[in-house]
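Down below is the structure, laid out as structure tokens.
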Amino acid sequence: MGTAVSRSDVREPSGKNATYRFPPGFQRNLLWFALRKFRPVNPIDLFQHLAQTYGDIAHYKIGSHHIVFLNHPEYIRELLVVQNDNFIKERTVQRTRMLLGDGMITTEGAAHRAQRLAAQPAFHRQRIVEYAGSIVEEAIQARDSWRAGEQRDIAADMMRLTLNVVARTLFATDLSQEVYELAAAINRIMGLYNFLVMLPAAEWLVHLRPPGLAAFVRARKRIDAVVYRMIDAHLKSGRDQGSLLDMMIAASPANDAEARRSLRDQVITIFLAGYETVANALSWTWYLLSQNPRCEKKFHEEVDSVLKGKSPSVEDVPRLRYTENVMAESLRLFPPAWAMGRYALHDFSLGEFFLPARTTVLISQFITHRDPRYFPDPLRFDPERFSVEGKAGRPKFTYFPFGAGPRQCIGESFAWMEGMLILAALAQKWKLKLVPGHRVEPQPLITLRPKYGMQMQVEPR
Ligand code: HEM
């Protein structure tokens with residue numbers, strides 16, 4: 001299955017007669033700035049500079065390519081909702097096809113709609129409720145394997161936990177034997193990600209396997225082996241257990257190599273999108289709680305008073321209001337999807353500006369979520385910002401951790417439920433303290449990871 005909209009569909013810009021109106025921005029080509037001013041590995045520095053210097057919209061060029069960075073809710077709404085049809089995903093997303101193939105994140109047009117439709121039932125509210133029991137069981141299993149006083153890399157723990165959850169709930173598969181190997185292979189790929197995105201023609205080089213890419217190819221093979229094993233087991237059993245994988249198989253029943261590859265792409269996309277993001281959200285939440293004892297205390301009080309010593313269940317979720325606000329505030333400060341990009345198919349207008357086809361448009365949750373116009377004292381961790389009163393009067397599209405419009409995250413409700421249940425189940429027994437001296441720095445890869453992991457000490461409550 002290929003992308004329904006390819007770059008060759010781009011209409012020629014209206015040409016010499018078109019008078020484009022570009023937003024303010026760098027006079028010099030970014031390559032010059034990149035070499036002189038910014039660490040190319042940290043695009044957040046660049047976005048911060050653009051927002052501070054030029055405000056709501058900024059323009060720059062790399063070579064002959066136009067790039068626009070938006071930092072205003074109205075522009076963000078235009079891009080994701082109003083003018084969505086004029087945009088496809090930009091180059092770095094297309095580059096993730098080296099790993100993800102043609103899954104829901106990377107496809108466009110009809111191919112994307114078909115995949116989204118096939119997967120939709122697995123994410124319906126009613127269906128999600130059925131996953132709660134397995135989520136809590138996985139959380140309790142992890143919780144009960146921890147020991148008082150030990151130091152753990154909580155980031156790695158959260159990755160393994162959420163990987164198990166996705167495998168069990170969405171794919172009806174027990175991955176507990178493979179989880180370490182799988183997490184290690186995915187880590188390896190993440191480590192190589194920036195390098196791959198920067199490399200000219202990386203997609204082709206992967207097939208030629210120069211030495212630097214051998215690790216990528218090896219890691220991808222390991223991941224593929226696990227995914228194919230899962231697919232084959234489902235195909236062989238011939239039983240429809242109503243899992244997401246069964247729905248995907250039913251939507252493309254042909255049992256040939258092409259159908260298998262397509263299934264592989266769809267499965268791996270949900271896997272990666274569904275566990276990395278939640279794991280990072282949880283790691284950042286434990287970190288933020290450890291740094292804000294008053295909020296941590298209030299969170300513990302809520303968990304104790306709502307659960308009264310019982311294991312959490314789906315009925316508790318709507319009553320864990322403060323826990324939800326804690327997670328929302330964590331997604332504000334450290335949004336796992338920290339930036340998004342689109343590529344214009346045709347000329348388009350944004351406010352007073354008129355821009356050519358083939359422009360790349362970038363937005364960043366990390367930057368907009370920290371804008372003092374919408375979040376006063378933006379670096380302060382304050383879950384009350386998401387209470388009913390705290391939210392009142394704040395414009396929509398100032399907070400968009402799950403994106404918006406037709407490409408909005410399909411797993412959003414799943415993520416909230418999973419995140420809140422895991423937070424509550426672990427906090428019933430443990431309090432996590434950052435190990436003194438441990439370095440905490442966000443690393444903007446495909447998702448926003450804690451660069452050095454999250455070393456925390458486990459203390460009984
Ligand atoms: C805190 C957790 C999560 C965050 C922050 C998050 C964020 C996002 C964002 C921002 C997008 C839109 C990307 C774009 O428009 O370019 C997205 C799309 C997507 N997410 Fe999530 N996500 C999370 C959890 C999940 C989970 C749990 C799943 C599945 C189990 C999932 C599956 C997907 C898929 C398949 C897409 C592509 C949807 C489409 O293009 O139609 N995500 N996510």
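Residues are named by chain letter and number: chains run A, B, ... in the order of the structure tokens, numbers start at 1 in each chain, and ligands are numbered from 1 in the order shown.
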query = Counting only C-alpha atoms and all ligand atoms, which protein, DNA or RNA residues come within 7 Å of ligand 1, given as a PyMOL selection string?
reply = chain A and resi 89+104-105+112+116+166+269-271+273-275+277-278+281+331+335-337+340-341+401-404+406-412+414-415
task = Could you pull out the residues in segment 191-322 of chain A that DSSP calls alpha helix (DSSP H) from the backbone, as a PyMOL selection string?
result = chain A and resi 191-198+202-208+214-237+244-251+257-291+293-307+321-322
task = as a list of chain:residue names, please: all residues of segment 362-459 of chain A that backbone DSSP puts in strand (DSSP E).
result =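 Filtering segment 362-459 of chain A to strand (DSSP E) leaves A:Leu362, A:Ile363, A:Trp430, A:Lys431, A:Leu432, A:Lys433, A:Leu434, A:Pro442, A:Gln443, A:Pro444, A:Leu448, A:Arg449, A:Pro450, A:Gln455, A:Met456, A:Gln457, A:Val458, A:Glu459.
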note = re atom CA of Ala219 of chain A and atom CA of Ile186 of chain A: distance 7.0 Å
message = Counting only C-alpha atoms, which residue out of A:Ser176, A:Leu350, A:Ser252, A:Thr169 sits closest to Gln141 of chain A?
response = A:Ser176
remark   = Nearest to Val306 of chain A, restricted to only C-alpha atoms and choosing among A:Asn42, A:Ser243, A:Thr323, A:Gln151, comes out as A:Thr323
Distance criterion (only C-alpha atoms): nearest to Pro444 of chain A out of A:Met190, A:Ala119, A:Leu163, A:Ala155 =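 Smallest distance to Pro444 of chain A is found for A:Met190.
Atom CA of Gly238 of chain A is positioned 25.1 Å from atom CA of Gln126 of chain A.
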inquiry  = From the options A:Met247, A:Val267, A:Leu170, A:Ile223, which residue's atoms come nearest to Ala132 of chain A, counting only C-alpha atoms?
reply    =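 Smallest distance to Ala132 of chain A is found for A:Leu170.
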query = A:Thr19, A:Thr96, A:Ser145, A:Asn292: which is nearest Trp430 of chain A, counting only C-alpha atoms?
reply =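 Residue with the minimum atom-to-atom distance to Trp430 of chain A: A:Ser145.
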For Asn164 of chain A, the nearest of the candidates A:Glu138, A:Ile189, A:Pro253, A:Pro23, counting only C-alpha atoms =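 Checking each of A:Glu138, A:Ile189, A:Pro253, A:Pro23 against Asn164 of chain A, counting only C-alpha atoms, the winner is A:Glu138.
Relative to atom CA of Asn325 of chain A, atom CA of Pro383 of chain A is found at 4.9 Å.
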Spatial neighbours of Ser283 of chain A, 8 Å, only C-alpha atoms, chain gap at least 3 places, as a PyMOL selection string = chain A and resi 154-155+158+279-280+286-287+450+454
Which residues of segment 260-345 of chain A have any atom within 8 Å of an atom in segment 375-382 of chain A when counting only C-alpha atoms, and what is the closest pair of atoms for each, with the distance in Å to one decimal? Order the rows by chain and rising number and write it as JSON lines.
{"residue": "A:Leu288", "atom": "CA", "partner": "A:Phe381", "partner_atom": "CA", "distance": 7.2}
{"residue": "A:Asn292", "atom": "CA", "partner": "A:Phe381", "partner_atom": "CA", "distance": 7.4}
{"residue": "A:Cys295", "atom": "CA", "partner": "A:Asp382", "partner_atom": "CA", "distance": 7.8}
{"residue": "A:Val326", "atom": "CA", "partner": "A:Asp382", "partner_atom": "CA", "distance": 7.9}
{"residue": "A:Glu329", "atom": "CA", "partner": "A:Asp382", "partner_atom": "CA", "distance": 6.7}
{"residue": "A:Ser330", "atom": "CA", "partner": "A:Phe381", "partner_atom": "CA", "distance": 7.7}
{"residue": "A:Leu333", "atom": "CA", "partner": "A:Leu379", "partner_atom": "CA", "distance": 7.3}
Next, the residues of the selection above should be written as an mmCIF file, in the first residue's frame with C-alpha atoms.
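See out_39.cif below for the written result:
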data_model
loop_
_atom_site.group_PDB
_atom_site.id
_atom_site.type_symbol
_atom_site.label_atom_id
_atom_site.label_comp_id
_atom_site.auth_asym_id
_atom_site.auth_seq_id
_atom_site.Cartn_x
_atom_site.Cartn_y
_atom_site.Cartn_z
ATOM 1 C CA LEU A 288 7.801 16.575 38.012
ATOM 2 C CA ASN A 292 6.989 19.468 43.542
ATOM 3 C CA CYS A 295 1.521 18.601 44.308
ATOM 4 C CA VAL A 326 -1.157 16.251 36.974
ATOM 5 C CA GLU A 329 0.326 19.560 33.214
ATOM 6 C CA SER A 330 3.115 17.069 32.594
ATOM 7 C CA LEU A 333 5.720 20.929 30.059
#
